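These notes concern the structure reproduced below.
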Number of protein chains: 2
Amino acid sequence: MPFIRRLAIIGVGLIGGSLARILREKGEVGEIVGIGRGEANLRTAVDIGVIDRYSLDPESGVEGADMVFLATPVCSIAGLAARIASHLSAGCVVTDGGSVKGEIVAACEGLMPAGAHFVGGHPIAGTEHTGVEASFATLYQGKRCIITPTERTDPQALAKVVRMWEIAGSEVVLMDVEKHDRVVAAISHLPHMVAYSLVNAVEGYDRFDENILRYSAGGFRDFTRIASSDPVMWRDIAVMNREAVLEMMDYFTAHFSRLRALVAEQEGTGLEAFFAGAKRSRDAIL
Amino acid sequence: MPFIRRLAIIGVGLIGGSLARILREKGEVGEIVGIGRGEANLRTAVDIGVIDRYSLDPESGVEGADMVFLATPVCSIAGLAARIASHLSAGCVVTDGGSVKGEIVAACEGLMPAGAHFVGGHPIAGTEHTGVEASFATLYQGKRCIITPTERTDPQALAKVVRMWEIAGSEVVLMDVEKHDRVVAAISHLPHMVAYSLVNAVEGYDRFDENILRYSAGGFRDFTRIASSDPVMWRDIAVMNREAVLEMMDYFTAHFSRLRALVAEQEGTGLEAFFAGAKRSRDAIL
C-alpha cells in the first residue's frame, strides 16, 4: 500500500504539480485528485499524467482523501480550509505550501474538525514560472522544506507531513511559525522587494531620452530575475507577512543608507570594509 | 600583417587576458606584451600563452607598441597614463577598460604627447572571478562595449579602438562620457550597491541566535552573486563615479520607500501595479 492512499491537491500548478509528480514517480501515492478553478489547466494536468482526475469543487474533491495539500496563493488558503473542513475524512492530514505561515496556521488549525489535522509547511523551492506545465519531479530535490508545528499539532500528522516531504527529496526543517515568517522575510521576501524596486528605479530613470535598460548586460538580467515573479502572488505575500517584511525593509534601508554615506564621504576604508564583509558572508553560503 | 602589431596590456587579469586571448585567436595581433606588478601572475600569463613576454616596468613595457590597453583598477588608470605618456611611439593608440569614464578620459586625454591618442572604452563584460587564469577568449562575444569619444578624439584612433572590440566579438556603442557614467551607475553600479547592502542586512539580522543566511536557497544565492565581486574594485568605482552612483541610489530609495508605504498600508492594487510594472520591464530585456 502506498504511503498516501488518496492525495487531494488544491491548486495544481508548479508547486502542487511538482509534489504530485515526485510522489507518483516514487510509487508513494495511490490516487491523486486535482482541485482548482481553471478546468483547462486541470485537463492538461490529467493529460500529462500529473493527476488522475479532477474536481472544480473543493468540498467534494477532498472526500476520501487521507492527505490534502493546499497549494494555492497564500491569501486563499485559509478560506479554502474553511470550505473543505466539514468534508474531510477522519484521520485526514491537511497541509499547505504557503510562504507565509502566521495567519495561515492560526486560521487553519482552528478550522479542523475532530479527527482531521492541519500542519503548516513551506517548501523553499520554485522558479519564476507558473502552471502545471512548469512542474517537474525534481523541484524539491535537495531543497529545504520548513514545517511549522505548534503546541496544538498532532504528532502523527506532523510525522506524516515530514515523511511526505522527505520522499519528495527535501531536507525538512522544523521551525516555529514566528521565526519562519521572519526568516523568509529576510532571505526571500526582502530580495523580491529589492529586485522589483531596482527594476522600477532603473526603468523610471529619465535623465536621457531613451530607456537605458537596453544597455543592461547579463549581470543585471541575472540580478533581477526574481522581478519576473508573479505580481499577484507577491502582492499577497507582502500583505500577509507585512510586519516581518517591513522590519526587513527597514534593516535593509539602514544598511543602504550607511553605504550611501560612505560613498558621499568618499570613505575608502569604510567602503572596502562594507563590500568585503558582504563578500565574506555571501561566499560562505556558496 | 596583423591589425595590431604590438599590443601592450597593462593589467593582465580577466579583462586584459580575455582581450589578449581573442585577438591572438583571431590572428589579429603580432606581439603581446604584458605589464603589471605581480611577476607570478605575468609568468603564468606567459606559461598559458596569453602574452608573449612581460615587463614590470610600464615605461619600457609600452615601447614600440601601436596599441596600449589599460586594464587596471579604475583609480590607477590616469596615473599609469601619466607614467607611460613620454614613452609612447608616434601613432600609438591608448585605450582603457575602466567602468567609470568621466575622470579617466579627461585626465588621459590631457596627458597624451603629440602623435599619441587616447580613446576611452568600457567593455560591459566580466564575471565575479579575477586573474589571468579566469580569462577566456569568448568573454566579449556578443557583449556591448561602450566607447566614449570626445570633441578631442582623433578619428583614426577611434576607428582603431572600435575595430579592436569588433574583432573581440563585441557590439560597439558610442556614447558621451557623461551619459556613460550615468548609464553604468544605473545598470551596474546601483545593483552592486544594492546586493552588498542586502547581504549585510540579512547577515546583520540578529533577532534569532543563529545566522539565518543558512536558510537561503538558490534564489538568494543567484540574486546576491554580484556581492561576491572584488571589494577593492568596487570601492574605487563607488568613489570615482560617486555623483552618478549617489543619484541612482536616491532614485532607488524613492522607489523602495514608495513600496514600503504600499506594504504598510496594505494597498493591494498599488502593490500589484508596482510588481507588475517591474515584471513587464524586466521581461522586456530577457
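How things are named: the first chain in the C-alpha cells is A, the next is B, and so on; residues count from 1 in each chain; ligands count from 1 in the order shown.
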Q) For chain B, which residues have at least one atom within 6 Å of chain A, if we go by only C-alpha atoms? Write them as an NGL selection string, please. A) :B and (186-187 or 196-197 or 199-202 or 216 or 223 or 227-228 or 231-232 or 235 or 239 or 251-252 or 255-256 or 266 or 271-272 or 275-276 or 278-279)
Okay, now the selection with N, CA and C atoms, as a PDB file, in the first residue's frame?
```
ATOM      1  N   ALA B 186      23.410  53.138 -13.294  1.00  0.00           N
ATOM      2  CA  ALA B 186      22.069  52.551 -13.189  1.00  0.00           C
ATOM      3  C   ALA B 186      22.081  51.032 -13.342  1.00  0.00           C
ATOM      4  N   ILE B 187      22.721  50.563 -14.400  1.00  0.00           N
ATOM      5  CA  ILE B 187      22.579  49.131 -14.713  1.00  0.00           C
ATOM      6  C   ILE B 187      23.629  48.254 -14.054  1.00  0.00           C
ATOM      7  N   TYR B 196      25.321  44.280  -2.169  1.00  0.00           N
ATOM      8  CA  TYR B 196      26.185  44.309  -0.979  1.00  0.00           C
ATOM      9  C   TYR B 196      25.364  44.676   0.260  1.00  0.00           C
ATOM     10  N   SER B 197      24.472  45.653   0.124  1.00  0.00           N
ATOM     11  CA  SER B 197      23.662  46.085   1.269  1.00  0.00           C
ATOM     12  C   SER B 197      22.704  44.982   1.714  1.00  0.00           C
ATOM     13  N   VAL B 199      23.039  41.689   1.418  1.00  0.00           N
ATOM     14  CA  VAL B 199      23.737  40.623   2.148  1.00  0.00           C
ATOM     15  C   VAL B 199      24.082  41.102   3.560  1.00  0.00           C
ATOM     16  N   ASN B 200      24.565  42.331   3.677  1.00  0.00           N
ATOM     17  CA  ASN B 200      24.897  42.842   5.010  1.00  0.00           C
ATOM     18  C   ASN B 200      23.659  42.953   5.903  1.00  0.00           C
ATOM     19  N   ALA B 201      22.532  43.329   5.318  1.00  0.00           N
ATOM     20  CA  ALA B 201      21.304  43.460   6.107  1.00  0.00           C
ATOM     21  C   ALA B 201      20.859  42.097   6.641  1.00  0.00           C
ATOM     22  N   VAL B 202      20.885  41.091   5.787  1.00  0.00           N
ATOM     23  CA  VAL B 202      20.439  39.759   6.216  1.00  0.00           C
ATOM     24  C   VAL B 202      21.448  39.155   7.200  1.00  0.00           C
ATOM     25  N   SER B 216      19.109  30.268   3.311  1.00  0.00           N
ATOM     26  CA  SER B 216      18.945  30.829   1.977  1.00  0.00           C
ATOM     27  C   SER B 216      18.979  29.726   0.919  1.00  0.00           C
ATOM     28  N   PHE B 223      20.656  35.847  -6.605  1.00  0.00           N
ATOM     29  CA  PHE B 223      20.399  37.273  -6.504  1.00  0.00           C
ATOM     30  C   PHE B 223      21.612  38.013  -5.958  1.00  0.00           C
ATOM     31  N   ALA B 227      27.442  40.276  -5.110  1.00  0.00           N
ATOM     32  CA  ALA B 227      28.038  40.707  -3.840  1.00  0.00           C
ATOM     33  C   ALA B 227      29.326  39.935  -3.543  1.00  0.00           C
ATOM     34  N   SER B 228      29.666  38.988  -4.407  1.00  0.00           N
ATOM     35  CA  SER B 228      30.953  38.299  -4.282  1.00  0.00           C
ATOM     36  C   SER B 228      32.037  38.978  -5.126  1.00  0.00           C
ATOM     37  N   PRO B 231      35.976  43.652  -3.556  1.00  0.00           N
ATOM     38  CA  PRO B 231      35.679  44.850  -2.751  1.00  0.00           C
ATOM     39  C   PRO B 231      36.546  46.062  -3.111  1.00  0.00           C
ATOM     40  N   VAL B 232      37.800  45.830  -3.470  1.00  0.00           N
ATOM     41  CA  VAL B 232      38.686  46.955  -3.789  1.00  0.00           C
ATOM     42  C   VAL B 232      38.248  47.622  -5.093  1.00  0.00           C
ATOM     43  N   ARG B 235      35.141  49.570  -4.293  1.00  0.00           N
ATOM     44  CA  ARG B 235      35.467  50.777  -3.533  1.00  0.00           C
ATOM     45  C   ARG B 235      35.872  51.882  -4.508  1.00  0.00           C
ATOM     46  N   VAL B 239      33.851  55.446  -5.447  1.00  0.00           N
ATOM     47  CA  VAL B 239      34.464  56.757  -5.206  1.00  0.00           C
ATOM     48  C   VAL B 239      34.537  57.563  -6.509  1.00  0.00           C
ATOM     49  N   TYR B 251      17.415  57.487  -6.468  1.00  0.00           N
ATOM     50  CA  TYR B 251      16.296  57.015  -7.292  1.00  0.00           C
ATOM     51  C   TYR B 251      15.744  55.712  -6.711  1.00  0.00           C
ATOM     52  N   PHE B 252      16.658  54.809  -6.413  1.00  0.00           N
ATOM     53  CA  PHE B 252      16.241  53.523  -5.854  1.00  0.00           C
ATOM     54  C   PHE B 252      15.480  53.738  -4.544  1.00  0.00           C
ATOM     55  N   HIS B 255      11.898  54.735  -4.923  1.00  0.00           N
ATOM     56  CA  HIS B 255      11.012  53.632  -5.303  1.00  0.00           C
ATOM     57  C   HIS B 255      10.804  52.655  -4.145  1.00  0.00           C
ATOM     58  N   PHE B 256      11.885  52.371  -3.440  1.00  0.00           N
ATOM     59  CA  PHE B 256      11.805  51.426  -2.323  1.00  0.00           C
ATOM     60  C   PHE B 256      10.905  51.989  -1.216  1.00  0.00           C
ATOM     61  N   GLN B 266      -1.108  48.204   3.202  1.00  0.00           N
ATOM     62  CA  GLN B 266      -1.796  47.040   2.618  1.00  0.00           C
ATOM     63  C   GLN B 266      -2.574  47.419   1.364  1.00  0.00           C
ATOM     64  N   LEU B 271       0.249  47.639  -4.849  1.00  0.00           N
ATOM     65  CA  LEU B 271       1.324  46.642  -4.805  1.00  0.00           C
ATOM     66  C   LEU B 271       1.368  45.835  -6.091  1.00  0.00           C
ATOM     67  N   GLU B 272       0.191  45.384  -6.530  1.00  0.00           N
ATOM     68  CA  GLU B 272       0.160  44.579  -7.748  1.00  0.00           C
ATOM     69  C   GLU B 272       0.677  45.396  -8.938  1.00  0.00           C
ATOM     70  N   PHE B 275       4.524  45.701  -8.711  1.00  0.00           N
ATOM     71  CA  PHE B 275       5.209  44.455  -9.091  1.00  0.00           C
ATOM     72  C   PHE B 275       5.021  44.159 -10.584  1.00  0.00           C
ATOM     73  N   ALA B 276       3.808  44.389 -11.091  1.00  0.00           N
ATOM     74  CA  ALA B 276       3.532  44.075 -12.496  1.00  0.00           C
ATOM     75  C   ALA B 276       4.333  44.989 -13.423  1.00  0.00           C
ATOM     76  N   ALA B 278       7.284  46.307 -12.799  1.00  0.00           N
ATOM     77  CA  ALA B 278       8.662  45.834 -12.783  1.00  0.00           C
ATOM     78  C   ALA B 278       8.808  44.558 -13.617  1.00  0.00           C
ATOM     79  N   LYS B 279       7.835  43.666 -13.474  1.00  0.00           N
ATOM     80  CA  LYS B 279       7.888  42.412 -14.236  1.00  0.00           C
ATOM     81  C   LYS B 279       7.862  42.685 -15.738  1.00  0.00           C
TER      82      LYS B 279
END
```
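The list of residues with at least one atom within 8 Å of Asn41 of chain B, based on only C-alpha atoms and without residues fewer than 3 positions apart in the same chain, reads Val12, Gly38, Thr44, Ala45, Gly131 and Val132 of chain B.
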Q.
When DSSP is applied to the backbone of this structure, which of segment 138-234 of chain A are assigned strand (DSSP E or B)? Write them out as a PyMOL selection string.
A. chain A and resi 144-148+171-174
Q. With distances taken over only C-alpha atoms, which of A:His129, A:Ala85, A:Ser99, A:Arg43 is nearest to His189 of chain A?
A. A:Ser99
Q | alpha helix (DSSP H) per DSSP on the backbone: members of segment 102-204 of chain B, as number ranges by chain | A | B: 102-111, 155-167, 177-184, 190-203
Polymer residues at most 9 Å from segment 138-142 of chain B, only C-alpha atoms, same-chain spacing of 3 or more positions, as a PDB file with N, CA and C atoms, in the first residue's frame:
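The resulting selection_26.pdb:
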```
ATOM      1  N   LEU B  14      41.422  39.235 -15.769  1.00  0.00           N
ATOM      2  CA  LEU B  14      40.269  38.741 -16.522  1.00  0.00           C
ATOM      3  C   LEU B  14      40.021  39.572 -17.778  1.00  0.00           C
ATOM      4  N   ILE B  15      40.032  40.902 -17.618  1.00  0.00           N
ATOM      5  CA  ILE B  15      39.692  41.800 -18.721  1.00  0.00           C
ATOM      6  C   ILE B  15      40.825  41.866 -19.755  1.00  0.00           C
ATOM      7  N   SER B  18      41.496  38.319 -21.357  1.00  0.00           N
ATOM      8  CA  SER B  18      40.484  37.859 -22.314  1.00  0.00           C
ATOM      9  C   SER B  18      40.617  38.575 -23.652  1.00  0.00           C
ATOM     10  N   LEU B  19      40.975  39.872 -23.625  1.00  0.00           N
ATOM     11  CA  LEU B  19      41.188  40.581 -24.898  1.00  0.00           C
ATOM     12  C   LEU B  19      42.407  39.998 -25.619  1.00  0.00           C
ATOM     13  N   ARG B  21      43.550  36.981 -25.427  1.00  0.00           N
ATOM     14  CA  ARG B  21      43.224  35.648 -25.952  1.00  0.00           C
ATOM     15  C   ARG B  21      42.470  35.725 -27.283  1.00  0.00           C
ATOM     16  N   ILE B  22      41.464  36.614 -27.356  1.00  0.00           N
ATOM     17  CA  ILE B  22      40.637  36.622 -28.573  1.00  0.00           C
ATOM     18  C   ILE B  22      41.403  37.231 -29.743  1.00  0.00           C
ATOM     19  N   PRO B 123      34.300  47.762 -21.933  1.00  0.00           N
ATOM     20  CA  PRO B 123      33.603  46.529 -22.316  1.00  0.00           C
ATOM     21  C   PRO B 123      32.684  46.101 -21.177  1.00  0.00           C
ATOM     22  N   ILE B 124      31.385  45.970 -21.472  1.00  0.00           N
ATOM     23  CA  ILE B 124      30.439  45.566 -20.418  1.00  0.00           C
ATOM     24  C   ILE B 124      30.410  44.046 -20.370  1.00  0.00           C
ATOM     25  N   ALA B 125      31.396  43.518 -19.692  1.00  0.00           N
ATOM     26  CA  ALA B 125      31.531  42.070 -19.586  1.00  0.00           C
ATOM     27  C   ALA B 125      32.361  41.791 -18.361  1.00  0.00           C
ATOM     28  N   GLY B 126      32.232  40.634 -17.841  1.00  0.00           N
ATOM     29  CA  GLY B 126      33.003  40.276 -16.658  1.00  0.00           C
ATOM     30  C   GLY B 126      32.342  39.124 -15.943  1.00  0.00           C
ATOM     31  N   THR B 127      33.038  38.598 -14.976  1.00  0.00           N
ATOM     32  CA  THR B 127      32.472  37.564 -14.106  1.00  0.00           C
ATOM     33  C   THR B 127      32.876  37.976 -12.706  1.00  0.00           C
ATOM     34  N   SER B 135      40.529  34.321 -17.321  1.00  0.00           N
ATOM     35  CA  SER B 135      40.245  34.921 -18.629  1.00  0.00           C
ATOM     36  C   SER B 135      39.905  33.863 -19.671  1.00  0.00           C
ATOM     37  N   CYS B 145      30.248  46.917 -25.898  1.00  0.00           N
ATOM     38  CA  CYS B 145      31.439  47.641 -25.475  1.00  0.00           C
ATOM     39  C   CYS B 145      31.158  49.115 -25.766  1.00  0.00           C
ATOM     40  N   TRP B 165      37.543  46.104 -30.737  1.00  0.00           N
ATOM     41  CA  TRP B 165      36.455  45.486 -29.952  1.00  0.00           C
ATOM     42  C   TRP B 165      35.503  44.691 -30.835  1.00  0.00           C
ATOM     43  N   ALA B 168      36.977  41.463 -31.218  1.00  0.00           N
ATOM     44  CA  ALA B 168      36.773  40.674 -29.992  1.00  0.00           C
ATOM     45  C   ALA B 168      35.352  40.122 -29.873  1.00  0.00           C
ATOM     46  N   GLY B 169      34.482  40.526 -30.817  1.00  0.00           N
ATOM     47  CA  GLY B 169      33.119  39.996 -30.816  1.00  0.00           C
ATOM     48  C   GLY B 169      32.096  40.904 -30.172  1.00  0.00           C
ATOM     49  N   SER B 170      32.528  42.087 -29.745  1.00  0.00           N
ATOM     50  CA  SER B 170      31.618  42.999 -29.048  1.00  0.00           C
ATOM     51  C   SER B 170      30.711  43.762 -29.998  1.00  0.00           C
ATOM     52  N   GLU B 171      29.581  44.172 -29.462  1.00  0.00           N
ATOM     53  CA  GLU B 171      28.717  45.115 -30.146  1.00  0.00           C
ATOM     54  C   GLU B 171      29.105  46.504 -29.634  1.00  0.00           C
TER      55      GLU B 171
END
```
Q: Quick one: everything within 12 Å of Ala159 of chain A, counting only C-alpha atoms, minus sequence neighbours fewer than 5 positions away in the same chain. Send it as an MDAnalysis selection string.
A: chainID A and resid 3 93 95 117:119 147:149 153:154 164:166 172 174
With N, CA and C atoms retained, write the just-selected residues as a JSON list (two decimals), in the first residue's frame.
```json
[["chain", "number", "residue", "atom", "x", "y", "z"],
["A", 3, "PHE", "N", 2.24, 5.08, 0.62],
["A", 3, "PHE", "CA", 2.28, 5.90, 1.84],
["A", 3, "PHE", "C", 1.06, 6.80, 1.94],
["A", 93, "VAL", "N", -5.00, 14.39, 6.96],
["A", 93, "VAL", "CA", -4.00, 15.41, 7.30],
["A", 93, "VAL", "C", -4.05, 16.48, 6.21],
["A", 95, "THR", "N", -2.21, 19.95, 4.81],
["A", 95, "THR", "CA", -1.01, 20.79, 4.90],
["A", 95, "THR", "C", -1.03, 21.78, 3.75],
["A", 117, "HIS", "N", -6.40, 16.96, 10.90],
["A", 117, "HIS", "CA", -5.30, 17.74, 11.49],
["A", 117, "HIS", "C", -4.63, 18.62, 10.46],
["A", 118, "PHE", "N", -4.31, 19.83, 10.87],
["A", 118, "PHE", "CA", -3.57, 20.74, 9.98],
["A", 118, "PHE", "C", -2.12, 20.86, 10.45],
["A", 119, "VAL", "N", -1.20, 20.85, 9.46],
["A", 119, "VAL", "CA", 0.23, 21.06, 9.72],
["A", 119, "VAL", "C", 0.72, 22.05, 8.67],
["A", 147, "ILE", "N", 8.70, 23.03, 8.06],
["A", 147, "ILE", "CA", 7.42, 22.61, 8.63],
["A", 147, "ILE", "C", 7.28, 23.35, 9.96],
["A", 148, "THR", "N", 6.08, 23.91, 10.20],
["A", 148, "THR", "CA", 5.91, 24.78, 11.36],
["A", 148, "THR", "C", 4.87, 24.24, 12.34],
["A", 149, "PRO", "N", 5.24, 23.23, 13.14],
["A", 149, "PRO", "CA", 4.30, 22.71, 14.15],
["A", 149, "PRO", "C", 4.07, 23.72, 15.27],
["A", 153, "THR", "N", -0.26, 20.87, 17.40],
["A", 153, "THR", "CA", -0.07, 19.96, 16.26],
["A", 153, "THR", "C", -0.10, 18.49, 16.70],
["A", 154, "ASP", "N", -0.84, 17.69, 15.98],
["A", 154, "ASP", "CA", -0.90, 16.25, 16.23],
["A", 154, "ASP", "C", 0.42, 15.60, 15.80],
["A", 164, "MET", "N", 6.31, 12.89, 3.95],
["A", 164, "MET", "CA", 5.94, 13.21, 2.56],
["A", 164, "MET", "C", 7.01, 14.08, 1.90],
["A", 165, "TRP", "N", 7.50, 15.08, 2.62],
["A", 165, "TRP", "CA", 8.50, 15.97, 2.02],
["A", 165, "TRP", "C", 9.86, 15.31, 1.91],
["A", 166, "GLU", "N", 10.13, 14.38, 2.83],
["A", 166, "GLU", "CA", 11.38, 13.62, 2.70],
["A", 166, "GLU", "C", 11.34, 12.74, 1.46],
["A", 172, "VAL", "N", 14.02, 18.46, 5.47],
["A", 172, "VAL", "CA", 12.96, 19.05, 6.30],
["A", 172, "VAL", "C", 13.54, 19.72, 7.54],
["A", 174, "LEU", "N", 12.22, 21.80, 11.05],
["A", 174, "LEU", "CA", 11.08, 22.23, 11.87],
["A", 174, "LEU", "C", 11.40, 23.60, 12.46]]
```
Give me, as a tab-separated table, the closest atom pair and its distance (Å, one decimal) for every residue of segment 142-162 of chain B within a cut-off of 10 Å of segment 46-67 of chain B, counting only C-alpha atoms, rows sorted by chain and rising number.
```
residue	atom	partner	partner_atom	distance
B:Ala157	CA	B:Met67	CA	9.6
B:Lys160	CA	B:Met67	CA	9.0
B:Val161	CA	B:Met67	CA	8.7
```
Write out the residues from the selection above, keeping N, CA and C atoms, as an mmCIF file, in the first residue's frame.
```
data_model
loop_
_atom_site.group_PDB
_atom_site.id
_atom_site.type_symbol
_atom_site.label_atom_id
_atom_site.label_comp_id
_atom_site.auth_asym_id
_atom_site.auth_seq_id
_atom_site.Cartn_x
_atom_site.Cartn_y
_atom_site.Cartn_z
ATOM 1 N N ALA B 157 42.191 57.053 -34.453
ATOM 2 C CA ALA B 157 42.390 56.307 -33.204
ATOM 3 C C ALA B 157 41.066 55.688 -32.748
ATOM 4 N N LYS B 160 40.267 52.685 -34.794
ATOM 5 C CA LYS B 160 41.113 51.528 -34.458
ATOM 6 C C LYS B 160 40.607 50.819 -33.187
ATOM 7 N N VAL B 161 40.192 51.613 -32.200
ATOM 8 C CA VAL B 161 39.685 51.011 -30.962
ATOM 9 C C VAL B 161 38.351 50.302 -31.217
#
```
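The space between atom CA of Ile104 of chain A and atom CA of Ala78 of chain A spans 5.8 Å.
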